[in-house]
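What follows is the content of entry_27.cif, which has mmCIF, C-alpha atoms:
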```cif
data_target
#
loop_
_atom_site.label_atom_id
_atom_site.label_comp_id
_atom_site.auth_asym_id
_atom_site.auth_seq_id
_atom_site.Cartn_x
_atom_site.Cartn_y
_atom_site.Cartn_z
CA MET Q 1 135.53 -152.54 -65.84
CA LYS Q 2 132.50 -151.76 -63.68
CA THR Q 3 130.12 -154.67 -63.31
CA VAL Q 4 127.44 -156.07 -61.04
CA GLY Q 5 126.83 -159.45 -59.45
CA TYR Q 6 125.27 -161.10 -56.43
CA ALA Q 7 127.48 -161.42 -53.36
CA ALA Q 8 127.39 -162.86 -49.87
CA HIS Q 9 128.55 -160.40 -47.20
CA SER Q 10 128.69 -162.96 -44.38
CA SER Q 11 128.05 -166.64 -43.74
CA GLU Q 12 124.58 -165.83 -42.34
CA ALA Q 13 123.44 -163.27 -44.92
CA ASN Q 14 121.44 -163.77 -48.10
CA MET Q 15 123.02 -163.08 -51.46
CA VAL Q 16 122.34 -159.49 -52.58
CA PRO Q 17 123.23 -157.30 -55.60
CA TYR Q 18 126.83 -156.07 -55.49
CA HIS Q 19 128.53 -153.48 -57.71
CA PHE Q 20 132.28 -153.88 -58.13
CA GLU Q 21 135.11 -153.49 -60.64
CA ARG Q 22 136.95 -156.11 -62.65
CA ARG Q 23 140.63 -155.50 -63.27
CA GLU Q 24 141.85 -153.78 -66.39
CA LEU Q 25 142.91 -156.24 -69.09
CA ARG Q 26 146.48 -157.45 -68.88
CA SER Q 27 148.13 -158.35 -72.18
CA SER Q 28 147.14 -162.04 -71.86
CA ASP Q 29 143.60 -161.49 -70.53
CA VAL Q 30 140.19 -162.20 -72.01
CA ALA Q 31 137.14 -160.18 -70.90
CA ILE Q 32 133.90 -162.16 -71.06
CA GLU Q 33 130.26 -161.19 -70.85
CA ILE Q 34 128.62 -163.97 -68.83
CA LEU Q 35 125.44 -165.45 -70.29
CA TYR Q 36 124.87 -168.41 -67.96
CA SER Q 37 126.29 -169.41 -64.59
CA GLY Q 38 125.81 -172.80 -63.00
CA VAL Q 39 125.08 -173.22 -59.29
CA CYS Q 40 127.37 -175.73 -57.58
CA HIS Q 41 126.94 -177.27 -54.14
CA SER Q 42 130.43 -175.97 -53.34
CA ASP Q 43 129.09 -172.42 -53.85
CA LEU Q 44 126.71 -173.06 -50.97
CA HIS Q 45 129.46 -174.56 -48.78
CA THR Q 46 131.77 -171.63 -49.49
CA VAL Q 47 129.17 -168.93 -48.89
CA ASN Q 48 128.13 -170.62 -45.63
CA GLY Q 49 131.74 -170.73 -44.43
CA ASP Q 50 131.64 -174.53 -44.14
CA TRP Q 51 135.22 -174.75 -45.42
CA GLY Q 52 136.64 -172.00 -43.26
CA PRO Q 53 136.56 -168.19 -43.15
CA GLN Q 54 135.88 -166.46 -46.47
CA PRO Q 55 136.95 -163.08 -47.88
CA TYR Q 56 133.50 -161.46 -47.92
CA PRO Q 57 131.93 -159.82 -49.86
CA LEU Q 58 132.13 -162.87 -52.11
CA VAL Q 59 130.64 -163.45 -55.57
CA PRO Q 60 130.45 -167.24 -56.13
CA GLY Q 61 130.17 -169.16 -59.39
CA HIS Q 62 132.67 -171.33 -61.27
CA GLU Q 63 130.50 -172.79 -64.03
CA ILE Q 64 130.58 -169.95 -66.53
CA VAL Q 65 129.50 -169.67 -70.15
CA GLY Q 66 129.68 -166.43 -72.11
CA VAL Q 67 130.97 -164.50 -75.09
CA VAL Q 68 134.31 -162.72 -75.52
CA GLN Q 69 133.90 -158.98 -75.12
CA SER Q 70 137.53 -157.87 -75.53
CA VAL Q 71 141.05 -159.34 -75.47
CA GLY Q 72 144.52 -158.26 -74.38
CA ALA Q 73 147.26 -157.37 -76.84
CA ASP Q 74 149.00 -160.77 -76.63
CA VAL Q 75 145.90 -163.01 -76.80
CA THR Q 76 146.04 -165.36 -79.82
CA GLN Q 77 143.46 -168.10 -79.15
CA TYR Q 78 140.29 -166.02 -78.83
CA LYS Q 79 138.63 -163.05 -80.50
CA VAL Q 80 135.66 -160.82 -79.79
CA GLY Q 81 132.40 -162.72 -80.25
CA ASP Q 82 133.77 -166.21 -79.50
CA GLN Q 83 131.61 -168.44 -77.30
CA VAL Q 84 133.74 -169.48 -74.35
CA ALA Q 85 133.64 -170.94 -70.86
CA VAL Q 86 135.46 -170.65 -67.54
CA GLY Q 87 135.59 -173.36 -64.89
CA CYS Q 88 136.97 -173.65 -61.38
CA MET Q 89 140.40 -172.09 -62.01
CA VAL Q 90 141.60 -168.80 -63.44
CA ASP Q 91 145.37 -169.09 -62.92
CA SER Q 92 148.31 -171.20 -61.72
CA CYS Q 93 152.09 -170.84 -61.67
CA GLN Q 94 152.43 -172.44 -65.15
CA GLU Q 95 155.99 -173.47 -64.25
CA CYS Q 96 155.82 -176.54 -61.97
CA ASP Q 97 155.71 -180.19 -63.00
CA GLN Q 98 151.95 -180.41 -62.44
CA CYS Q 99 151.22 -177.37 -64.60
CA HIS Q 100 153.49 -178.74 -67.34
CA ASN Q 101 151.59 -182.03 -67.03
CA HIS Q 102 148.30 -180.17 -67.68
CA GLU Q 103 147.19 -180.80 -64.10
CA GLU Q 104 146.91 -177.16 -63.01
CA GLN Q 105 144.48 -178.07 -60.23
CA TYR Q 106 147.46 -179.63 -58.43
CA CYS Q 107 149.83 -176.68 -59.05
CA ARG Q 108 152.71 -176.86 -56.54
CA GLU Q 109 152.19 -173.18 -55.70
CA GLY Q 110 148.42 -173.58 -55.50
CA MET Q 111 145.97 -172.90 -58.27
CA THR Q 112 143.94 -169.69 -58.22
CA GLY Q 113 140.26 -170.46 -57.86
CA THR Q 114 137.65 -168.58 -59.84
CA TYR Q 115 136.34 -166.94 -56.68
CA GLY Q 116 137.56 -166.39 -53.15
CA PHE Q 117 141.28 -166.64 -53.94
CA PRO Q 118 143.97 -163.93 -54.07
CA ASP Q 119 144.97 -162.89 -57.59
CA ARG Q 120 148.54 -164.02 -58.24
CA ILE Q 121 149.64 -160.55 -59.35
CA SER Q 122 147.46 -157.95 -57.61
CA GLY Q 123 146.42 -159.92 -54.53
CA GLU Q 124 142.79 -158.82 -54.90
CA THR Q 125 140.11 -161.44 -54.22
CA THR Q 126 138.84 -163.23 -57.32
CA GLN Q 127 135.09 -162.93 -57.86
CA GLY Q 128 133.07 -165.55 -59.70
CA GLY Q 129 130.35 -166.06 -62.23
CA TYR Q 130 127.26 -164.75 -60.47
CA SER Q 131 128.04 -161.51 -62.30
CA LYS Q 132 127.75 -159.83 -65.68
CA HIS Q 133 131.44 -159.93 -66.62
CA ILE Q 134 134.68 -161.70 -65.78
CA VAL Q 135 138.32 -161.19 -66.77
CA VAL Q 136 140.43 -164.34 -67.09
CA ARG Q 137 143.94 -165.25 -68.21
CA GLU Q 138 143.83 -166.70 -71.74
CA GLU Q 139 145.23 -170.10 -70.74
CA PHE Q 140 142.23 -170.69 -68.47
CA VAL Q 141 139.54 -169.84 -71.01
CA LEU Q 142 137.84 -172.80 -72.71
CA ARG Q 143 136.26 -173.11 -76.14
CA ILE Q 144 132.58 -174.05 -76.41
CA PRO Q 145 132.24 -176.59 -79.26
CA GLU Q 146 130.17 -175.40 -82.18
CA GLY Q 147 126.49 -176.21 -81.86
CA MET Q 148 126.41 -176.79 -78.09
CA ASP Q 149 123.40 -175.45 -76.21
CA LEU Q 150 124.92 -172.65 -74.14
CA SER Q 151 122.04 -172.66 -71.66
CA LYS Q 152 122.81 -176.26 -70.61
CA SER Q 153 126.60 -176.29 -70.85
CA ALA Q 154 127.67 -174.38 -67.73
CA PRO Q 155 127.54 -177.29 -65.21
CA ILE Q 156 129.95 -179.29 -67.38
CA LEU Q 157 132.64 -176.86 -66.16
CA CYS Q 158 132.46 -178.34 -62.65
CA ALA Q 159 130.02 -181.24 -62.31
CA GLY Q 160 131.16 -182.56 -65.68
CA ILE Q 161 134.92 -182.37 -65.20
CA THR Q 162 134.74 -183.46 -61.55
CA THR Q 163 133.20 -186.78 -62.54
CA TYR Q 164 134.85 -187.16 -65.97
CA SER Q 165 138.39 -186.89 -64.60
CA PRO Q 166 138.26 -189.96 -62.30
CA LEU Q 167 136.43 -191.98 -64.96
CA ARG Q 168 139.33 -191.24 -67.34
CA THR Q 169 142.06 -191.58 -64.71
CA TRP Q 170 140.82 -195.01 -63.63
CA GLY Q 171 140.44 -196.17 -67.23
CA VAL Q 172 136.69 -196.68 -67.55
CA LYS Q 173 135.87 -198.35 -70.85
CA GLU Q 174 133.40 -200.68 -72.52
CA GLY Q 175 132.24 -203.22 -69.94
CA SER Q 176 133.66 -201.48 -66.85
CA ARG Q 177 131.45 -201.91 -63.81
CA VAL Q 178 130.86 -198.50 -62.27
CA GLY Q 179 128.90 -197.56 -59.16
CA VAL Q 180 127.84 -193.97 -58.49
CA ILE Q 181 126.97 -193.05 -54.93
CA GLY Q 182 124.31 -190.34 -54.95
CA LEU Q 183 122.17 -189.06 -57.80
CA GLY Q 184 122.51 -185.34 -57.27
CA GLY Q 185 124.18 -182.69 -59.42
CA LEU Q 186 127.47 -184.60 -59.58
CA GLY Q 187 126.00 -188.10 -59.57
CA HIS Q 188 123.70 -187.69 -62.55
CA MET Q 189 126.63 -186.42 -64.65
CA ALA Q 190 128.80 -189.34 -63.52
CA VAL Q 191 126.08 -191.73 -64.73
CA LYS Q 192 125.70 -190.03 -68.12
CA LEU Q 193 129.45 -189.87 -68.76
CA ALA Q 194 130.17 -193.46 -67.64
CA VAL Q 195 127.31 -194.79 -69.77
CA ALA Q 196 128.69 -192.91 -72.79
CA MET Q 197 132.07 -194.58 -72.16
CA GLY Q 198 130.38 -197.98 -72.40
CA ALA Q 199 130.33 -198.79 -68.69
CA ASP Q 200 127.77 -200.92 -66.86
CA VAL Q 201 126.49 -198.34 -64.34
CA THR Q 202 124.55 -198.73 -61.09
CA VAL Q 203 123.46 -195.90 -58.79
CA ILE Q 204 123.97 -196.49 -55.07
CA SER Q 205 121.51 -194.57 -52.92
CA ARG Q 206 119.75 -194.79 -49.57
CA SER Q 207 116.52 -195.85 -51.25
CA THR Q 208 115.16 -196.77 -54.66
CA LYS Q 209 112.88 -193.74 -54.94
CA LYS Q 210 115.00 -192.26 -57.75
CA GLU Q 211 115.19 -195.52 -59.73
CA THR Q 212 113.09 -194.16 -62.60
CA GLU Q 213 115.44 -191.18 -62.95
CA ALA Q 214 118.51 -193.43 -62.72
CA LYS Q 215 117.30 -195.71 -65.50
CA ALA Q 216 116.35 -192.72 -67.67
CA LEU Q 217 119.99 -191.59 -67.43
CA GLY Q 218 121.21 -194.99 -68.62
CA ALA Q 219 121.92 -196.77 -65.32
CA LYS Q 220 120.83 -200.39 -64.73
CA GLY Q 221 119.03 -199.32 -61.61
CA ILE Q 222 119.64 -198.49 -57.96
CA LEU Q 223 121.37 -200.49 -55.25
CA ALA Q 224 119.82 -199.37 -51.94
CA SER Q 225 122.55 -198.93 -49.33
CA THR Q 226 119.98 -199.48 -46.55
CA ASP Q 227 119.10 -202.95 -47.89
CA GLU Q 228 121.61 -205.19 -46.10
CA GLU Q 229 120.74 -208.25 -48.15
CA ALA Q 230 121.18 -206.42 -51.45
CA MET Q 231 124.46 -204.87 -50.29
CA THR Q 232 125.83 -208.27 -49.25
CA ALA Q 233 124.83 -209.76 -52.60
CA ALA Q 234 126.65 -206.89 -54.39
CA ALA Q 235 130.06 -207.68 -52.83
CA ASN Q 236 132.88 -207.43 -55.41
CA ALA Q 237 130.43 -206.04 -57.99
CA PHE Q 238 132.30 -202.89 -59.07
CA ASP Q 239 135.63 -201.98 -60.61
CA LEU Q 240 135.16 -198.31 -59.71
CA ILE Q 241 132.83 -196.39 -57.43
CA ILE Q 242 132.44 -192.61 -57.73
CA ASP Q 243 131.32 -191.17 -54.39
CA THR Q 244 129.50 -187.87 -55.03
CA VAL Q 245 127.86 -187.37 -51.60
CA PRO Q 246 128.59 -183.74 -50.59
CA THR Q 247 128.30 -184.18 -46.81
CA ALA Q 248 130.12 -186.23 -44.17
CA HIS Q 249 129.24 -189.93 -44.35
CA ASP Q 250 130.61 -193.37 -43.53
CA ILE Q 251 132.28 -195.00 -46.55
CA ASN Q 252 132.88 -198.37 -44.88
CA ALA Q 253 129.62 -199.77 -46.24
CA TYR Q 254 130.81 -199.25 -49.81
CA THR Q 255 134.38 -200.61 -49.90
CA PRO Q 256 133.30 -204.31 -49.86
CA LEU Q 257 131.36 -203.61 -53.06
CA LEU Q 258 134.67 -203.18 -54.90
CA ASP Q 259 136.28 -206.08 -56.71
CA VAL Q 260 139.97 -206.91 -56.25
CA ASP Q 261 142.03 -203.84 -57.26
CA GLY Q 262 138.87 -201.74 -57.31
CA SER Q 263 138.86 -198.07 -56.28
CA LEU Q 264 136.38 -195.83 -54.53
CA VAL Q 265 137.00 -192.21 -55.53
CA ILE Q 266 135.64 -189.39 -53.40
CA VAL Q 267 134.63 -186.28 -55.37
CA GLY Q 268 131.88 -184.84 -53.15
CA GLN Q 269 132.68 -184.57 -49.46
CA VAL Q 270 135.61 -182.34 -48.51
CA GLY Q 271 136.69 -183.18 -44.96
CA PRO Q 272 136.36 -186.06 -42.48
CA THR Q 273 134.67 -189.28 -43.60
CA GLY Q 274 134.92 -191.20 -40.34
CA GLU Q 275 137.26 -194.01 -39.34
CA LEU Q 276 138.15 -196.33 -42.22
CA ASN Q 277 138.07 -200.08 -41.70
CA SER Q 278 141.20 -201.42 -43.39
CA MET Q 279 140.08 -205.06 -43.60
CA PRO Q 280 138.26 -204.81 -46.95
CA MET Q 281 141.21 -202.80 -48.28
CA ILE Q 282 143.84 -205.34 -47.31
CA PHE Q 283 141.88 -208.46 -48.23
CA GLY Q 284 140.83 -207.14 -51.62
CA ARG Q 285 143.72 -204.82 -52.54
CA ARG Q 286 141.06 -202.14 -52.73
CA ARG Q 287 141.70 -198.40 -52.67
CA VAL Q 288 140.03 -195.22 -51.45
CA ALA Q 289 141.16 -192.14 -53.33
CA GLY Q 290 140.15 -188.57 -54.01
CA SER Q 291 139.98 -186.48 -57.17
CA LEU Q 292 139.88 -182.70 -57.64
CA ILE Q 293 138.17 -181.35 -60.78
CA GLY Q 294 140.59 -181.71 -63.72
CA GLY Q 295 143.19 -179.73 -65.65
CA ILE Q 296 142.37 -177.23 -68.37
CA ALA Q 297 143.17 -179.67 -71.20
CA GLU Q 298 140.95 -182.34 -69.63
CA THR Q 299 138.17 -179.81 -69.08
CA GLN Q 300 138.28 -178.97 -72.78
CA GLU Q 301 138.23 -182.73 -73.42
CA VAL Q 302 135.02 -183.21 -71.44
CA LEU Q 303 133.35 -180.31 -73.24
CA ASP Q 304 134.26 -181.92 -76.57
CA PHE Q 305 133.15 -185.36 -75.30
CA CYS Q 306 129.77 -183.99 -74.22
CA ALA Q 307 129.33 -182.24 -77.57
CA LYS Q 308 130.17 -185.46 -79.45
CA HIS Q 309 127.77 -187.61 -77.40
CA ASN Q 310 125.08 -184.95 -76.95
CA ILE Q 311 125.45 -185.06 -73.16
CA TYR Q 312 124.03 -182.22 -71.10
CA PRO Q 313 123.35 -181.86 -67.39
CA GLU Q 314 119.74 -181.89 -66.31
CA CYS Q 315 119.19 -178.17 -65.76
CA GLU Q 316 116.62 -175.95 -64.08
CA MET Q 317 116.89 -172.36 -65.29
CA ILE Q 318 116.48 -169.68 -62.63
CA GLN Q 319 116.62 -165.90 -62.46
CA MET Q 320 119.43 -164.21 -60.56
CA ASP Q 321 117.12 -163.02 -57.78
CA GLN Q 322 116.05 -166.64 -57.13
CA ILE Q 323 119.52 -167.66 -55.92
CA ASN Q 324 118.68 -167.61 -52.19
CA GLU Q 325 115.69 -169.88 -52.78
CA ALA Q 326 117.91 -172.18 -54.87
CA PHE Q 327 120.45 -172.38 -52.04
CA LYS Q 328 117.69 -173.37 -49.61
CA ARG Q 329 116.60 -176.15 -51.94
CA LEU Q 330 120.20 -177.37 -52.19
CA GLU Q 331 120.42 -177.49 -48.39
CA GLN Q 332 117.26 -179.58 -48.15
CA GLY Q 333 118.74 -182.54 -50.01
CA GLU Q 334 120.17 -184.00 -53.19
CA MET Q 335 118.65 -182.96 -56.49
CA ALA Q 336 119.07 -184.96 -59.67
CA HIS Q 337 119.75 -181.80 -61.66
CA ARG Q 338 121.66 -178.51 -61.58
CA PHE Q 339 120.48 -174.93 -61.28
CA VAL Q 340 121.66 -172.58 -64.03
CA ILE Q 341 121.28 -168.81 -63.71
CA ASP Q 342 120.20 -166.87 -66.79
CA MET Q 343 122.51 -163.90 -66.32
CA SER Q 344 120.39 -161.66 -68.54
CA SER Q 345 118.03 -161.57 -65.55
CA LEU Q 346 120.67 -159.66 -63.57
CA ASP Q 347 119.81 -156.48 -65.52
CA VAL Q 348 116.25 -156.71 -64.21
CA ALA Q 349 117.36 -157.66 -60.69
#
```
Please lay out the structure from this file as structure tokens.
Amino acid sequence: MKTVGYAAHSSEANMVPYHFERRELRSSDVAIEILYSGVCHSDLHTVNGDWGPQPYPLVPGHEIVGVVQSVGADVTQYKVGDQVAVGCMVDSCQECDQCHNHEEQYCREGMTGTYGFPDRISGETTQGGYSKHIVVREEFVLRIPEGMDLSKSAPILCAGITTYSPLRTWGVKEGSRVGVIGLGGLGHMAVKLAVAMGADVTVISRSTKKETEAKALGAKGILASTDEEAMTAAANAFDLIIDTVPTAHDINAYTPLLDVDGSLVIVGQVGPTGELNSMPMIFGRRRVAGSLIGGIAETQEVLDFCAKHNIYPECEMIQMDQINEAFKRLEQGEMAHRFVIDMSSLDVA
């Protein structure tokens, strides 16, 4: 299948139009015409080579919403015309304990990412959602609930599941006290989801300049991490803190905010976080943990949850040829919304 997308050809180069071929359908494959593609901060990190060398040319994008164009002979769950989605994974071994436990992101053989990973069968590099079409194994295609706004649903496939999974894993419920560090693309979804679960939510940020936005999302307000008096007064105030900051930062200021048996879960920064002071951990039986997206079943769960509670990311629609400008804006600082590319604009581009 010949298609077109936008690709990075090096860590220094701008994204440019790129013509390439998708694989022929295998018997269990679904071919999808992409309608909308979300822009994730990890796309920027990957394109820039921040996480190591990349197999350029590289088409990013793992927040994908589209319509089924054709299916392989053995596909049973989807048919032509179905509205579907694809998230951060397109394959895994399907045989290990983690895959059987619906935790494909922790596949013992390594999950296959939507872009920048070798295909498990052919070895070719997977290419992502900044393109007109994608071919995906049936087990990694998700159903869009009836009535959802397709133009706002794409970021749920990464920002949504990345924050939903730790909220579910750590048992957030009515009355849980949840802190969210950062009010960017991940943080604003963490607030919306935790509020819908009945939690008492506070945003933790360097300043209170986004307090109006935080309260509009359902949070009580903002705890300014630069206000020493306020931080001291907030000791033991949270059962769970979701840390969405996408760059290296010191987490020692936040651990005393946890109550006994509380957990701080890192979902943003990938890499060093600085030396950890163990005293708050030992004297409060507190924990620092990490969480990676979620399995396919849980990703379907968050789509259904968002449909039920009418939860959508705050989205700014852009054209495909605006992607380099969007990346520059991401580099300049946190944004309390997500970019979504209208892929119909790729024809014009």
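Nearest to Q:Pro256 of all the residues Q:Arg286, Q:Pro272, Q:Glu146, Q:Ile32 is Q:Arg286, based on all atoms listed in the file.
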Subject >> Test item: residues at most 8 Å from stretch 205-212 of chain Q, all atoms listed in the file, excluding those fewer than 4 positions along its chain, as a PyMOL selection string >> reply: chain Q and resi 181-183+216+221-226
**OP:** Please identify all polymer residues lying at most 9 Å from the point (148.4, -162.5, -70.2) (file coordinates), using all atoms listed in the file, and present the result as a list in words.
**Re:** Leu25, Arg26, Ser27, Ser28, Asp29, Val30, Gly72, Ala73, Asp74, Val75, Val136, Arg137, Glu138 and Glu139 of chain Q
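Remark: for Q:Phe283, the closest of the candidate residues Q:Thr244, Q:Ser165, Q:Asn236, Q:Gln69 is Q:Asn236 (distances computed over only C-alpha atoms).
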Subject >> Residue nearest Q:Cys107 - candidates Q:Gly274, Q:Val302, Q:Leu292, Q:Ala235, atoms counted: all atoms listed in the file >> reply: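 For Q:Cys107, the nearest of the candidates is Q:Leu292.
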Subject >> Best match for closeness to Q:Ile121 among Q:Arg177, Q:Lys79, Q:His102, Q:Arg23, counting only C-alpha atoms >> reply: Q:Arg23
Subject >> Shortest interatomic distance to Q:Met15 - which of Q:Ile242, Q:Leu330, Q:Val135, Q:Met320, counting only C-alpha atoms >> reply: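 Looking only at the distances to Q:Met15, the closest residue turns out to be Q:Met320.
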Would you fill the gaps in stretch 4-18 of chain Q so it has N, CA and C atoms, then print it as a short mmCIF file (atom, residue, chain, number, x, y, z; two decimals), keeping the file's coordinate frame?
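Full text of out21.cif as output:
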```cif
data_model
loop_
_atom_site.label_atom_id
_atom_site.label_comp_id
_atom_site.auth_asym_id
_atom_site.auth_seq_id
_atom_site.Cartn_x
_atom_site.Cartn_y
_atom_site.Cartn_z
N VAL Q 4 128.34 -155.80 -62.14
CA VAL Q 4 127.44 -156.07 -61.04
C VAL Q 4 127.25 -157.58 -60.91
N GLY Q 5 127.07 -158.04 -59.71
CA GLY Q 5 126.83 -159.45 -59.45
C GLY Q 5 125.99 -159.60 -58.20
N TYR Q 6 125.91 -160.83 -57.72
CA TYR Q 6 125.27 -161.10 -56.43
C TYR Q 6 126.35 -161.64 -55.51
N ALA Q 7 126.41 -161.07 -54.29
CA ALA Q 7 127.48 -161.42 -53.36
C ALA Q 7 126.91 -161.78 -51.99
N ALA Q 8 127.66 -162.61 -51.28
CA ALA Q 8 127.39 -162.86 -49.87
C ALA Q 8 128.31 -161.96 -49.05
N HIS Q 9 127.76 -161.31 -48.04
CA HIS Q 9 128.55 -160.40 -47.20
C HIS Q 9 128.89 -161.02 -45.86
N SER Q 10 128.33 -162.20 -45.57
CA SER Q 10 128.69 -162.96 -44.38
C SER Q 10 128.14 -164.36 -44.55
N SER Q 11 128.52 -165.25 -43.64
CA SER Q 11 128.05 -166.64 -43.74
C SER Q 11 126.57 -166.77 -43.39
N GLU Q 12 125.99 -165.77 -42.72
CA GLU Q 12 124.58 -165.83 -42.34
C GLU Q 12 123.67 -165.05 -43.29
N ALA Q 13 124.24 -164.19 -44.12
CA ALA Q 13 123.44 -163.27 -44.92
C ALA Q 13 123.00 -163.88 -46.24
N ASN Q 14 121.88 -163.41 -46.76
CA ASN Q 14 121.44 -163.77 -48.10
C ASN Q 14 122.33 -163.12 -49.14
N MET Q 15 122.32 -163.69 -50.33
CA MET Q 15 123.02 -163.08 -51.46
C MET Q 15 122.25 -161.83 -51.89
N VAL Q 16 122.98 -160.76 -52.19
CA VAL Q 16 122.34 -159.49 -52.58
C VAL Q 16 123.13 -158.88 -53.75
N PRO Q 17 122.51 -157.96 -54.51
CA PRO Q 17 123.23 -157.30 -55.60
C PRO Q 17 124.48 -156.59 -55.09
N TYR Q 18 125.52 -156.61 -55.91
CA TYR Q 18 126.83 -156.07 -55.49
C TYR Q 18 127.52 -155.46 -56.70
#
```
